[in-house]
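Novice: My file is protein-v8.pdb. It has PDB, C-alpha atoms:
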```pdb
ATOM      1  CA  MET A  28     -14.820  -4.889 -55.347
ATOM      2  CA  HIS A  29     -16.723  -6.447 -52.469
ATOM      3  CA  LYS A  30     -13.457  -7.143 -50.703
ATOM      4  CA  ASN A  31     -12.332  -3.529 -51.141
ATOM      5  CA  THR A  32     -15.537  -2.197 -49.613
ATOM      6  CA  LEU A  33     -15.008  -4.462 -46.621
ATOM      7  CA  THR A  34     -11.455  -3.202 -46.166
ATOM      8  CA  ILE A  35     -12.590   0.429 -46.332
ATOM      9  CA  LYS A  36     -15.383  -0.273 -43.856
ATOM     10  CA  GLY A  37     -12.889  -1.942 -41.561
ATOM     11  CA  LEU A  38     -10.462   0.981 -41.788
ATOM     12  CA  LEU A  39     -13.252   3.457 -41.116
ATOM     13  CA  GLY A  40     -14.281   1.405 -38.100
ATOM     14  CA  ILE A  41     -10.758   1.469 -36.708
ATOM     15  CA  LEU A  42     -10.525   5.203 -37.354
ATOM     16  CA  LEU A  43     -13.796   5.723 -35.480
ATOM     17  CA  ILE A  44     -12.533   3.745 -32.500
ATOM     18  CA  PHE A  45      -9.353   5.863 -32.434
ATOM     19  CA  LEU A  46     -11.348   9.071 -32.698
ATOM     20  CA  PHE A  47     -13.654   7.939 -29.931
ATOM     21  CA  ALA A  48     -10.728   6.975 -27.700
ATOM     22  CA  SER A  49      -8.946  10.299 -28.177
ATOM     23  CA  CYS A  50     -12.207  12.162 -27.689
ATOM     24  CA  GLU A  51     -12.818  10.263 -24.442
ATOM     25  CA  ASN A  52      -9.377  11.310 -23.271
ATOM     26  CA  ASP A  53     -10.174  14.994 -23.544
ATOM     27  CA  GLN A  54     -13.204  14.681 -21.318
ATOM     28  CA  PRO A  55     -12.738  16.208 -17.863
ATOM     29  CA  LEU A  56     -12.783  13.765 -14.958
ATOM     30  CA  PRO A  57     -16.370  13.036 -13.889
ATOM     31  CA  ILE A  58     -17.865  14.115 -10.572
ATOM     32  CA  LEU A  59     -18.416  10.840  -8.750
ATOM     33  CA  GLY A  60     -21.044   9.751  -6.254
ATOM     34  CA  GLU A  61     -24.787   9.676  -5.835
ATOM     35  CA  LYS A  62     -26.550  12.941  -6.557
ATOM     36  CA  GLU A  63     -28.831  14.261  -3.834
ATOM     37  CA  VAL A  64     -32.011  16.225  -4.396
ATOM     38  CA  ILE A  65     -32.168  19.235  -2.088
ATOM     39  CA  ASP A  66     -35.173  21.577  -2.459
ATOM     40  CA  GLY A  67     -35.933  20.087  -5.828
ATOM     41  CA  VAL A  68     -32.425  20.717  -7.135
ATOM     42  CA  GLU A  69     -29.952  17.938  -7.939
ATOM     43  CA  VAL A  70     -26.756  18.389  -5.961
ATOM     44  CA  ALA A  71     -23.568  16.450  -6.662
ATOM     45  CA  HIS A  72     -21.970  14.432  -3.873
ATOM     46  CA  SER A  73     -19.391  16.444  -1.949
ATOM     47  CA  ILE A  74     -17.239  15.992   1.153
ATOM     48  CA  PRO A  75     -19.055  17.502   4.168
ATOM     49  CA  ASP A  76     -17.448  19.808   6.746
ATOM     50  CA  PHE A  77     -14.999  18.136   9.083
ATOM     51  CA  SER A  78     -12.532  19.173  11.725
ATOM     52  CA  PHE A  79      -9.748  16.852  12.885
ATOM     53  CA  LEU A  80      -6.288  17.170  14.456
ATOM     54  CA  ASN A  81      -3.193  16.483  12.391
ATOM     55  CA  GLN A  82       0.166  15.041  13.466
ATOM     56  CA  ASP A  83       1.244  18.489  14.731
ATOM     57  CA  SER A  84      -1.965  18.781  16.837
ATOM     58  CA  ILE A  85      -3.198  21.523  14.510
ATOM     59  CA  VAL A  86      -6.890  21.603  13.570
ATOM     60  CA  VAL A  87      -7.420  20.776   9.891
ATOM     61  CA  THR A  88     -10.765  21.415   8.199
ATOM     62  CA  ASN A  89     -12.013  20.995   4.674
ATOM     63  CA  GLU A  90     -11.222  24.682   4.124
ATOM     64  CA  ASP A  91      -7.511  24.066   4.700
ATOM     65  CA  LEU A  92      -7.471  21.550   1.859
ATOM     66  CA  ASN A  93      -9.560  23.298  -0.774
ATOM     67  CA  SER A  94      -6.883  25.717  -1.997
ATOM     68  CA  GLY A  95      -5.820  22.897  -4.265
ATOM     69  CA  ILE A  96      -6.545  19.242  -4.837
ATOM     70  CA  TYR A  97      -5.832  16.374  -2.472
ATOM     71  CA  VAL A  98      -5.593  12.603  -2.298
ATOM     72  CA  ALA A  99      -7.237  10.892   0.681
ATOM     73  CA  ASP A 100      -6.969   7.431   2.216
ATOM     74  CA  PHE A 101      -8.026   5.622   5.410
ATOM     75  CA  PHE A 102      -5.445   3.725   7.439
ATOM     76  CA  PHE A 103      -4.108   3.091  10.948
ATOM     77  CA  THR A 104      -0.533   2.816  12.124
ATOM     78  CA  HIS A 105      -0.925  -0.627  13.744
ATOM     79  CA  CYS A 106      -2.456  -2.078  10.567
ATOM     80  CA  PRO A 107      -0.623  -5.295   9.709
ATOM     81  CA  SER A 108      -2.528  -6.067   6.507
ATOM     82  CA  ILE A 109      -2.960  -3.812   3.460
ATOM     83  CA  CYS A 110      -2.134  -0.354   4.920
ATOM     84  CA  PRO A 111       1.651  -0.590   4.428
ATOM     85  CA  LEU A 112       1.053  -1.295   0.724
ATOM     86  CA  VAL A 113      -1.356   1.639   0.434
ATOM     87  CA  THR A 114       1.028   3.910   2.357
ATOM     88  CA  LYS A 115       3.812   2.933  -0.030
ATOM     89  CA  GLU A 116       1.653   4.012  -2.985
ATOM     90  CA  MET A 117       0.673   7.254  -1.197
ATOM     91  CA  LEU A 118       4.393   7.898  -0.739
ATOM     92  CA  ARG A 119       4.911   7.381  -4.484
ATOM     93  CA  ILE A 120       2.215  10.020  -5.180
ATOM     94  CA  HIS A 121       3.812  12.313  -2.561
ATOM     95  CA  ASP A 122       7.184  12.080  -4.313
ATOM     96  CA  GLU A 123       5.689  12.427  -7.816
ATOM     97  CA  PHE A 124       3.816  15.650  -6.930
ATOM     98  CA  LYS A 125       6.315  17.097  -4.470
ATOM     99  CA  ASN A 126       6.320  20.527  -6.108
ATOM    100  CA  GLU A 127       2.707  20.660  -7.288
ATOM    101  CA  ASN A 128      -0.382  21.947  -5.518
ATOM    102  CA  VAL A 129      -1.434  18.463  -4.418
ATOM    103  CA  LYS A 130      -1.842  17.520  -0.758
ATOM    104  CA  LEU A 131      -2.228  14.111   0.845
ATOM    105  CA  VAL A 132      -4.579  13.296   3.709
ATOM    106  CA  SER A 133      -4.532  10.036   5.651
ATOM    107  CA  PHE A 134      -7.425   9.599   8.083
ATOM    108  CA  THR A 135      -6.840   7.118  10.876
ATOM    109  CA  MET A 136      -9.653   4.709  11.675
ATOM    110  CA  ASP A 137      -8.043   3.876  15.034
ATOM    111  CA  PRO A 138      -7.885   7.195  16.954
ATOM    112  CA  LYS A 139      -7.543   5.384  20.297
ATOM    113  CA  ARG A 140      -4.018   4.294  19.406
ATOM    114  CA  ASP A 141      -3.327   6.908  16.711
ATOM    115  CA  THR A 142      -2.950  10.048  18.809
ATOM    116  CA  PRO A 143      -1.335  13.103  17.176
ATOM    117  CA  ALA A 144       1.932  12.040  18.849
ATOM    118  CA  GLN A 145       1.735   8.537  17.362
ATOM    119  CA  LEU A 146       0.904  10.018  13.930
ATOM    120  CA  LYS A 147       3.843  12.423  14.269
ATOM    121  CA  ASN A 148       6.094   9.498  14.997
ATOM    122  CA  TYR A 149       4.743   7.571  12.000
ATOM    123  CA  SER A 150       4.975  10.497   9.565
ATOM    124  CA  SER A 151       8.509  11.415  10.590
ATOM    125  CA  LYS A 152       9.589   7.778  10.133
ATOM    126  CA  LEU A 153       8.090   8.071   6.656
ATOM    127  CA  GLU A 154      10.059  11.327   6.222
ATOM    128  CA  VAL A 155       6.993  13.415   5.290
ATOM    129  CA  GLU A 156       5.463  16.523   6.897
ATOM    130  CA  ALA A 157       2.294  18.606   7.196
ATOM    131  CA  PRO A 158       0.876  20.562   5.443
ATOM    132  CA  LYS A 159       1.946  18.511   2.394
ATOM    133  CA  TRP A 160       0.716  15.307   3.990
ATOM    134  CA  HIS A 161      -1.744  15.488   6.888
ATOM    135  CA  PHE A 162      -2.368  12.493   9.136
ATOM    136  CA  LEU A 163      -5.713  13.172  10.808
ATOM    137  CA  THR A 164      -7.239  11.880  14.022
ATOM    138  CA  GLY A 165     -10.254  12.758  16.166
ATOM    139  CA  ASP A 166     -13.579  11.314  17.252
ATOM    140  CA  LYS A 167     -13.856   7.688  16.152
ATOM    141  CA  ASP A 168     -17.503   7.860  15.055
ATOM    142  CA  LYS A 169     -16.869  11.012  13.049
ATOM    143  CA  LEU A 170     -13.857   9.419  11.349
ATOM    144  CA  HIS A 171     -15.802   6.256  10.529
ATOM    145  CA  ASP A 172     -18.766   8.341   9.295
ATOM    146  CA  ILE A 173     -16.689  10.479   6.984
ATOM    147  CA  ALA A 174     -15.109   7.339   5.506
ATOM    148  CA  THR A 175     -18.487   6.680   3.859
ATOM    149  CA  ASP A 176     -18.349  10.090   2.190
ATOM    150  CA  TYR A 177     -14.974   9.027   0.750
ATOM    151  CA  PHE A 178     -16.484   5.768  -0.630
ATOM    152  CA  SER A 179     -14.514   3.882   2.040
ATOM    153  CA  VAL A 180     -15.716   1.191   4.395
ATOM    154  CA  VAL A 181     -14.454   0.865   7.958
ATOM    155  CA  ILE A 182     -15.868  -1.807  10.258
ATOM    156  CA  GLU A 183     -14.519  -2.436  13.737
ATOM    157  CA  ASP A 184     -13.953  -6.199  14.018
ATOM    158  CA  GLY A 185     -11.950  -7.854  16.774
ATOM    159  CA  ASP A 186     -11.221 -10.815  14.508
ATOM    160  CA  ALA A 187      -9.774  -8.707  11.659
ATOM    161  CA  PRO A 188      -6.009  -8.112  11.532
ATOM    162  CA  GLY A 189      -5.345  -5.084  13.740
ATOM    163  CA  GLY A 190      -9.028  -4.813  14.741
ATOM    164  CA  PHE A 191     -10.582  -3.225  11.636
ATOM    165  CA  ASN A 192     -11.994  -4.448   8.367
ATOM    166  CA  HIS A 193     -11.551  -1.792   5.743
ATOM    167  CA  THR A 194     -11.066  -0.897   2.103
ATOM    168  CA  GLY A 195      -7.813   0.508   0.743
ATOM    169  CA  LYS A 196      -9.026   3.078  -1.762
ATOM    170  CA  LEU A 197      -7.245   6.291  -2.732
ATOM    171  CA  LEU A 198      -9.590   9.195  -3.562
ATOM    172  CA  LEU A 199      -8.894  12.331  -5.562
ATOM    173  CA  ILE A 200     -10.771  15.431  -4.329
ATOM    174  CA  ASP A 201     -11.012  18.705  -6.242
ATOM    175  CA  LYS A 202     -11.199  22.312  -4.988
ATOM    176  CA  ASN A 203     -15.002  22.079  -4.776
ATOM    177  CA  ARG A 204     -14.973  19.012  -2.463
ATOM    178  CA  HIS A 205     -16.011  16.677  -5.268
ATOM    179  CA  ILE A 206     -14.525  13.214  -5.684
ATOM    180  CA  ARG A 207     -13.127  13.056  -9.212
ATOM    181  CA  ALA A 208     -11.266   9.726  -9.307
ATOM    182  CA  PHE A 209     -10.376   6.738  -7.144
ATOM    183  CA  CYS A 210      -8.250   3.629  -7.287
ATOM    184  CA  GLU A 211      -7.275   0.595  -5.268
ATOM    185  CA  GLY A 212      -4.267   1.623  -3.193
ATOM    186  CA  THR A 213      -2.959  -1.929  -3.136
ATOM    187  CA  ASP A 214      -2.769  -2.194  -6.926
ATOM    188  CA  SER A 215       0.316  -0.492  -8.307
ATOM    189  CA  GLU A 216      -0.955  -0.452 -11.906
ATOM    190  CA  ASP A 217      -4.283   1.047 -10.839
ATOM    191  CA  VAL A 218      -2.292   3.752  -9.031
ATOM    192  CA  ASP A 219      -0.348   4.432 -12.266
ATOM    193  CA  ASP A 220      -3.653   5.362 -13.955
ATOM    194  CA  PHE A 221      -4.708   7.339 -10.884
ATOM    195  CA  ILE A 222      -1.509   9.424 -11.160
ATOM    196  CA  LEU A 223      -2.564  10.303 -14.731
ATOM    197  CA  ASP A 224      -5.958  11.389 -13.338
ATOM    198  CA  ILE A 225      -4.211  13.656 -10.814
ATOM    199  CA  LYS A 226      -2.222  15.238 -13.665
ATOM    200  CA  LYS A 227      -5.439  15.757 -15.610
ATOM    201  CA  LEU A 228      -7.129  17.493 -12.662
ATOM    202  CA  LEU A 229      -4.065  19.678 -12.111
ATOM    203  CA  ALA A 230      -4.219  20.731 -15.763
ATOM    204  CA  GLU A 231      -7.943  21.485 -15.382
ATOM    205  CA  ASN A 232      -7.152  23.803 -12.460
ATOM    206  CA  GLU A 233      -4.576  25.687 -14.482
ATOM    207  CA  GLU A 234      -7.009  26.427 -17.296
TER     208      GLU A 234
ATOM    209  CA  MET B  28      20.609 -34.444 -31.309
ATOM    210  CA  ARG B  29      17.702 -35.805 -29.328
ATOM    211  CA  ASN B  30      20.031 -36.492 -26.406
ATOM    212  CA  SER B  31      21.358 -32.955 -26.352
ATOM    213  CA  ILE B  32      17.820 -31.535 -26.296
ATOM    214  CA  LEU B  33      17.027 -33.808 -23.369
ATOM    215  CA  LEU B  34      20.212 -32.687 -21.639
ATOM    216  CA  ILE B  35      19.284 -29.029 -22.087
ATOM    217  CA  LEU B  36      15.765 -29.675 -20.758
ATOM    218  CA  VAL B  37      17.136 -31.487 -17.711
ATOM    219  CA  SER B  38      19.625 -28.661 -17.061
ATOM    220  CA  ILE B  39      16.913 -26.015 -17.344
ATOM    221  CA  THR B  40      14.666 -27.950 -14.959
ATOM    222  CA  PHE B  41      17.586 -28.416 -12.589
ATOM    223  CA  ILE B  42      18.484 -24.715 -12.590
ATOM    224  CA  TYR B  43      14.806 -23.760 -12.254
ATOM    225  CA  CYS B  44      14.370 -26.075  -9.286
ATOM    226  CA  GLN B  45      17.576 -24.785  -7.702
ATOM    227  CA  ASN B  46      16.186 -21.260  -7.795
ATOM    228  CA  ASN B  47      12.889 -22.348  -6.306
ATOM    229  CA  ILE B  48      13.952 -24.576  -3.474
ATOM    230  CA  TYR B  49      12.108 -22.353  -1.018
ATOM    231  CA  ALA B  50       8.985 -21.827  -3.136
ATOM    232  CA  GLN B  51       6.773 -22.661  -0.158
ATOM    233  CA  GLY B  52       8.642 -20.134   1.992
ATOM    234  CA  GLU B  53       8.375 -17.538  -0.749
ATOM    235  CA  ARG B  54       4.610 -18.003  -0.917
ATOM    236  CA  LEU B  55       4.279 -17.661   2.858
ATOM    237  CA  TYR B  56       6.547 -14.601   2.773
ATOM    238  CA  GLN B  57       4.262 -12.971   0.212
ATOM    239  CA  THR B  58       1.227 -13.710   2.391
ATOM    240  CA  TYR B  59       2.537 -12.702   5.799
ATOM    241  CA  CYS B  60       5.622 -10.508   5.433
ATOM    242  CA  SER B  61       5.935  -8.644   2.147
ATOM    243  CA  ASN B  62       3.193  -6.049   2.822
ATOM    244  CA  CYS B  63       5.539  -4.370   5.291
ATOM    245  CA  HIS B  64       9.000  -5.676   4.453
ATOM    246  CA  GLY B  65       8.470  -5.480   0.681
ATOM    247  CA  LEU B  66       8.693  -8.049  -2.098
ATOM    248  CA  ASP B  67      12.301  -6.903  -2.468
ATOM    249  CA  GLY B  68      12.959  -7.261   1.278
ATOM    250  CA  ASN B  69      14.014  -3.640   1.548
ATOM    251  CA  GLY B  70      11.314  -2.497   4.015
ATOM    252  CA  LEU B  71       9.817   1.026   3.875
ATOM    253  CA  LYS B  72      11.793   4.144   4.852
ATOM    254  CA  ASN B  73      12.326   4.201   8.632
ATOM    255  CA  LEU B  74       8.988   2.517   9.321
ATOM    256  CA  TYR B  75       9.576  -1.116   8.416
ATOM    257  CA  PRO B  76      13.113  -2.524   8.577
ATOM    258  CA  PRO B  77      14.769  -4.325   5.666
ATOM    259  CA  LEU B  78      15.298  -8.073   5.772
ATOM    260  CA  ASN B  79      17.706  -7.875   2.842
ATOM    261  CA  ASN B  80      21.312  -7.154   3.872
ATOM    262  CA  SER B  81      20.143  -6.667   7.463
ATOM    263  CA  ASP B  82      22.882  -6.789  10.137
ATOM    264  CA  TYR B  83      20.181  -7.346  12.769
ATOM    265  CA  LEU B  84      18.939 -10.473  11.015
ATOM    266  CA  LYS B  85      22.473 -11.760  10.548
ATOM    267  CA  GLU B  86      23.385 -11.263  14.206
ATOM    268  CA  ASN B  87      20.030 -12.428  15.611
ATOM    269  CA  ASN B  88      19.148 -15.281  13.277
ATOM    270  CA  GLU B  89      18.403 -17.539  16.258
ATOM    271  CA  LYS B  90      15.636 -15.078  17.296
ATOM    272  CA  PHE B  91      14.050 -15.134  13.816
ATOM    273  CA  ALA B  92      11.564 -17.965  14.581
ATOM    274  CA  CYS B  93      10.328 -16.301  17.792
ATOM    275  CA  ILE B  94       9.890 -12.935  16.042
ATOM    276  CA  ILE B  95       7.735 -14.506  13.312
ATOM    277  CA  LEU B  96       5.609 -16.343  15.902
ATOM    278  CA  ASN B  97       5.250 -13.620  18.554
ATOM    279  CA  GLY B  98       6.039 -10.385  16.755
ATOM    280  CA  LEU B  99       8.286  -7.701  18.170
ATOM    281  CA  GLU B 100       7.407  -4.745  20.402
ATOM    282  CA  GLU B 101      10.835  -3.437  21.347
ATOM    283  CA  GLU B 102      12.861  -0.870  19.449
ATOM    284  CA  ILE B 103      15.592  -2.403  17.322
ATOM    285  CA  VAL B 104      18.555  -0.997  15.392
ATOM    286  CA  VAL B 105      19.030  -2.267  11.850
ATOM    287  CA  ASN B 106      22.016  -1.105   9.812
ATOM    288  CA  GLY B 107      22.419   1.869  12.147
ATOM    289  CA  LYS B 108      18.758   2.995  11.946
ATOM    290  CA  LYS B 109      16.237   2.756  14.774
ATOM    291  CA  TYR B 110      12.933   0.984  14.091
ATOM    292  CA  MET B 111      10.068   0.975  16.562
ATOM    293  CA  MET B 112       6.838   0.099  14.746
ATOM    294  CA  PRO B 113       5.462  -2.925  16.585
ATOM    295  CA  MET B 114       5.178  -6.124  14.571
ATOM    296  CA  GLU B 115       2.298  -8.525  15.155
ATOM    297  CA  GLY B 116       3.097 -12.207  15.584
ATOM    298  CA  PHE B 117       1.626 -14.966  13.453
ATOM    299  CA  LYS B 118       0.423 -17.600  15.932
ATOM    300  CA  ASN B 119      -1.304 -19.512  13.168
ATOM    301  CA  LEU B 120       1.980 -20.515  11.516
ATOM    302  CA  THR B 121       3.368 -23.992  12.167
ATOM    303  CA  ASP B 122       7.015 -24.824  12.898
ATOM    304  CA  VAL B 123       7.309 -26.066   9.307
ATOM    305  CA  ASP B 124       5.890 -22.773   7.937
ATOM    306  CA  ILE B 125       8.329 -20.776  10.068
ATOM    307  CA  THR B 126      11.261 -22.920   8.911
ATOM    308  CA  ASN B 127      10.236 -22.372   5.287
ATOM    309  CA  ILE B 128       9.980 -18.602   5.727
ATOM    310  CA  ILE B 129      13.371 -18.389   7.462
ATOM    311  CA  ASN B 130      15.041 -20.458   4.751
ATOM    312  CA  TYR B 131      13.478 -18.331   2.017
ATOM    313  CA  VAL B 132      14.480 -15.003   3.623
ATOM    314  CA  ASN B 133      17.965 -16.231   4.547
ATOM    315  CA  SER B 134      18.697 -17.007   0.912
ATOM    316  CA  ALA B 135      16.519 -14.411  -0.914
ATOM    317  CA  TRP B 136      17.776 -11.234  -2.644
ATOM    318  CA  ASP B 137      21.388 -10.562  -1.573
ATOM    319  CA  ASN B 138      21.118 -12.676   1.569
ATOM    320  CA  LYS B 139      23.505 -15.573   2.033
ATOM    321  CA  LEU B 140      22.606 -16.564   5.581
ATOM    322  CA  PRO B 141      22.822 -20.228   6.667
ATOM    323  CA  GLU B 142      20.012 -22.698   6.073
ATOM    324  CA  THR B 143      18.078 -23.788   9.144
ATOM    325  CA  SER B 144      16.296 -27.035  10.013
ATOM    326  CA  ILE B 145      12.993 -27.804  11.648
ATOM    327  CA  GLN B 146      14.883 -29.200  14.676
ATOM    328  CA  GLU B 147      16.794 -25.968  15.090
ATOM    329  CA  VAL B 148      13.603 -23.899  14.711
ATOM    330  CA  LYS B 149      11.831 -26.035  17.352
ATOM    331  CA  LYS B 150      14.793 -25.540  19.698
ATOM    332  CA  ASN B 151      14.829 -21.775  19.100
ATOM    333  CA  LEU B 152      11.084 -21.576  19.677
ATOM    334  CA  GLU B 153      11.481 -23.151  23.141
ATOM    335  CA  SER B 154      13.004 -19.890  24.351
ATOM    336  CA  CYS B 155       9.797 -17.959  23.667
ATOM    337  CA  ASN B 156       6.959 -20.465  23.942
TER     338      ASN B 156
END
```
Spell out the structure here as structure tokens.

Specialist:
Amino acid sequence: MHKNTLTIKGLLGILLIFLFASCENDQPLPILGEKEVIDGVEVAHSIPDFSFLNQDSIVVTNEDLNSGIYVADFFFTHCPSICPLVTKEMLRIHDEFKNENVKLVSFTMDPKRDTPAQLKNYSSKLEVEAPKWHFLTGDKDKLHDIATDYFSVVIEDGDAPGGFNHTGKLLLIDKNRHIRAFCEGTDSEDVDDFILDIKKLLAENEE
Amino acid sequence: MRNSILLILVSITFIYCQNNIYAQGERLYQTYCSNCHGLDGNGLKNLYPPLNNSDYLKENNEKFACIILNGLEEEIVVNGKKYMMPMEGFKNLTDVDITNIINYVNSAWDNKLPETSIQEVKKNLESCN
């Protein structure tokens, strides 16, 4: 009798865990970042206005990206360390969502060397084009500042490979400028989960 | 029975060691080269050239040591495709490290390029030091 009760309790426990897991799955992606209090009202973190040039020397602002969702990363073309790995994963996302309303945006942290012409060269070697995948350049301080808004760290450091210390995160941004998911762009398995998050956000937009 | 088990164990170890003769080179490759050239040696699109089945590497194997040490700025043609992303050199690598990397790459994946020696690498490095 006692044993039976234990078994039933155990089964119920397992059932609960399953229910909880499936319930978790149906939750929309969270809005990430520190909330700010403006005029006594809590405001969720969002990407501020920006204006940079892409590889075709066309001005790209936040407005140009908010018709759908986009994935952002920070890189530079001379980067000998983690950027090629991150770019490879960005390319995987590009190919996976070729026909969906998902854009990709790569901000350079090295605008001195990454002119629009250099970015054009890089993107055509990668066989990708704007407006599906923008490579953005502009004022260095503005680029480094906006990295913070994308939870990314860029530090100029002559001793670092290529001249910059930086993180290799991929960020998922929704139509309302909110960051909804991120992953490590150097970790293929983490990117697998991130791709599922992108699908989830796409589904949310279709509702 | 016991002898045959021993024989199998020795064979397995032998085969395992045969496959890992350039383990040191493989480790260095994963640290310094694979981010761009890939763990599979196939490079990335038209940005980073392949090292696997590369006609450039086959025809310029004597330049391999200098390229690892000093990098490469000039445009090169690999298997009919132009590549022009500059490669940074790795000045911190020793002659032994460079020899190990060359021997790993020359025999990795589909490559069947000749083995090199530290003497040969030192000689090749004289042309660019």

Novice: If we count only C-alpha atoms, what is near B:Val105 at a cut-off of 12 Å, once residues fewer than 6 positions away on the same chain are taken out, given as a list in words?

Specialist: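 These residues fall inside the cut-off: Asn69, Gly70, Lys72, Asn73, Leu74, Tyr75, Pro76, Pro77, Leu78, Asn79, Asn80, Ser81, Asp82, Tyr83, Leu84, Lys85, Glu86, Asn87 and Met111 of chain B.
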
Novice: For chain A, which residues have at least one atom within 6 Å of chain B, if we go by only C-alpha atoms? Write them as a PyMOL selection string, please.

Specialist: chain A and resi 111-112+152-153

Novice: Quick one: everything within 7 Å of stretch 50-55 of chain B, counting all atoms listed in the file, minus sequence neighbours fewer than 4 positions away in the same chain. Send it as a list in words.

Specialist: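 Close residues of stretch 50-55 of chain B: Tyr59, Asn127, Ile128, Asn130 and Tyr131 of chain B.
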
Novice: What are the closest atom pairs, with distances in Å to one decimal, for all residues of stretch 70-103 of chain A lying within 9 Å of stretch 198-208 of chain A? Consider all atoms listed in the file, order rows by chain and residue number, and present the result as CSV.

Specialist:
```
residue,atom,partner,partner_atom,distance
A:Ala71,CA,A:His205,CA,7.7
A:His72,CA,A:His205,CA,6.5
A:Ser73,CA,A:His205,CA,4.7
A:Ile74,CA,A:Arg204,CA,5.2
A:Pro75,CA,A:Arg204,CA,7.9
A:Asn89,CA,A:Arg204,CA,8.0
A:Leu92,CA,A:Lys202,CA,7.8
A:Asn93,CA,A:Lys202,CA,4.6
A:Ser94,CA,A:Lys202,CA,6.3
A:Gly95,CA,A:Lys202,CA,5.5
A:Ile96,CA,A:Asp201,CA,4.7
A:Tyr97,CA,A:Ile200,CA,5.4
A:Val98,CA,A:Leu199,CA,4.7
A:Ala99,CA,A:Leu198,CA,5.1
A:Asp100,CA,A:Leu198,CA,6.6
```

Novice: Do a neighbour search on A:Leu146 at 12 Å with only C-alpha atoms, toss out local chain neighbours closer than 2 positions, and write the hits as a PyMOL selection string.

Specialist: (chain A and resi 80-84+102-105+133-135+137-144+148-153+155-157+160-165) or (chain B and resi 74+112)

Novice: I'd like the neighbourhood of B:Ile95 as number ranges by chain, where a residue qualifies if any of its atoms comes within 12 Å (using all atoms listed in the file), though same-chain residues fewer than 3 positions away should be ignored.

Specialist: B: 55-56, 59-60, 88-92, 98-99, 114-122, 124-129, 132, 148, 151-152, 155

Novice: The selected residues should be written to file as an mmCIF file, keeping the file's coordinate frame (atoms: C-alpha atoms).

Specialist:
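File part13.cif, as written:
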```
data_model
loop_
_atom_site.group_PDB
_atom_site.id
_atom_site.type_symbol
_atom_site.label_atom_id
_atom_site.label_comp_id
_atom_site.auth_asym_id
_atom_site.auth_seq_id
_atom_site.Cartn_x
_atom_site.Cartn_y
_atom_site.Cartn_z
ATOM 1 C CA LEU B 55 4.279 -17.661 2.858
ATOM 2 C CA TYR B 56 6.547 -14.601 2.773
ATOM 3 C CA TYR B 59 2.537 -12.702 5.799
ATOM 4 C CA CYS B 60 5.622 -10.508 5.433
ATOM 5 C CA ASN B 88 19.148 -15.281 13.277
ATOM 6 C CA GLU B 89 18.403 -17.539 16.258
ATOM 7 C CA LYS B 90 15.636 -15.078 17.296
ATOM 8 C CA PHE B 91 14.050 -15.134 13.816
ATOM 9 C CA ALA B 92 11.564 -17.965 14.581
ATOM 10 C CA GLY B 98 6.039 -10.385 16.755
ATOM 11 C CA LEU B 99 8.286 -7.701 18.170
ATOM 12 C CA MET B 114 5.178 -6.124 14.571
ATOM 13 C CA GLU B 115 2.298 -8.525 15.155
ATOM 14 C CA GLY B 116 3.097 -12.207 15.584
ATOM 15 C CA PHE B 117 1.626 -14.966 13.453
ATOM 16 C CA LYS B 118 0.423 -17.600 15.932
ATOM 17 C CA ASN B 119 -1.304 -19.512 13.168
ATOM 18 C CA LEU B 120 1.980 -20.515 11.516
ATOM 19 C CA THR B 121 3.368 -23.992 12.167
ATOM 20 C CA ASP B 122 7.015 -24.824 12.898
ATOM 21 C CA ASP B 124 5.890 -22.773 7.937
ATOM 22 C CA ILE B 125 8.329 -20.776 10.068
ATOM 23 C CA THR B 126 11.261 -22.920 8.911
ATOM 24 C CA ASN B 127 10.236 -22.372 5.287
ATOM 25 C CA ILE B 128 9.980 -18.602 5.727
ATOM 26 C CA ILE B 129 13.371 -18.389 7.462
ATOM 27 C CA VAL B 132 14.480 -15.003 3.623
ATOM 28 C CA VAL B 148 13.603 -23.899 14.711
ATOM 29 C CA ASN B 151 14.829 -21.775 19.100
ATOM 30 C CA LEU B 152 11.084 -21.576 19.677
ATOM 31 C CA CYS B 155 9.797 -17.959 23.667
#
```

Novice: Expand the PyMOL selection byres ((chain A and resi 230) around 12) into the individual residues it matches in the shown file, reporting them as a list in words.

Specialist: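 Listing what the PyMOL selection byres ((chain A and resi 230) around 12) selects in the shown file: Asp53, Pro55, Leu56, Gly95, Ile96, Glu127, Asn128, Val129, Asp201, Leu223, Asp224, Ile225, Lys226, Lys227, Leu228, Leu229, Glu231, Asn232, Glu233 and Glu234 of chain A.
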
Novice: Which distance in Å separates atom CA of A:Gly195 and atom CA of A:Asp219, to one decimal?

Specialist: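 Separation between atom CA of A:Gly195 and atom CA of A:Asp219: 15.5 Å.
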
Novice: Quick one: pull the distance between atom CA of A:Ile58 and atom CA of A:Cys210, Å, one decimal.

Specialist: 14.6 Å

Novice: Mind checking which residues fall within 7 Å of stretch 166-175 of chain A, counting only C-alpha atoms, ignoring those fewer than 4 positions away in the same chain, and posting them as JSON, numbers by chain?

Specialist: {"A": [136, 138, 179, 180, 181]}

Novice: What is the atom CA of A:Asp214 to atom CA of A:Val113 distance in Å?

Specialist: 8.4 Å

Novice: B:Asn133, B:Val123, B:Leu66, B:Tyr49: which is nearest B:Lys149, counting all atoms listed in the file?

Specialist: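 Of B:Asn133, B:Val123, B:Leu66, B:Tyr49, the one nearest B:Lys149, counting all atoms listed in the file, is B:Val123.
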
Novice: The PyMOL selection byres ((chain A and resi 212) around 9) - which residues does that actually catch in the file I just gave you? List them as a ChimeraX atom specification.

Specialist: /A:100,109-110,112-117,194-197,209-211,213-215,217-218
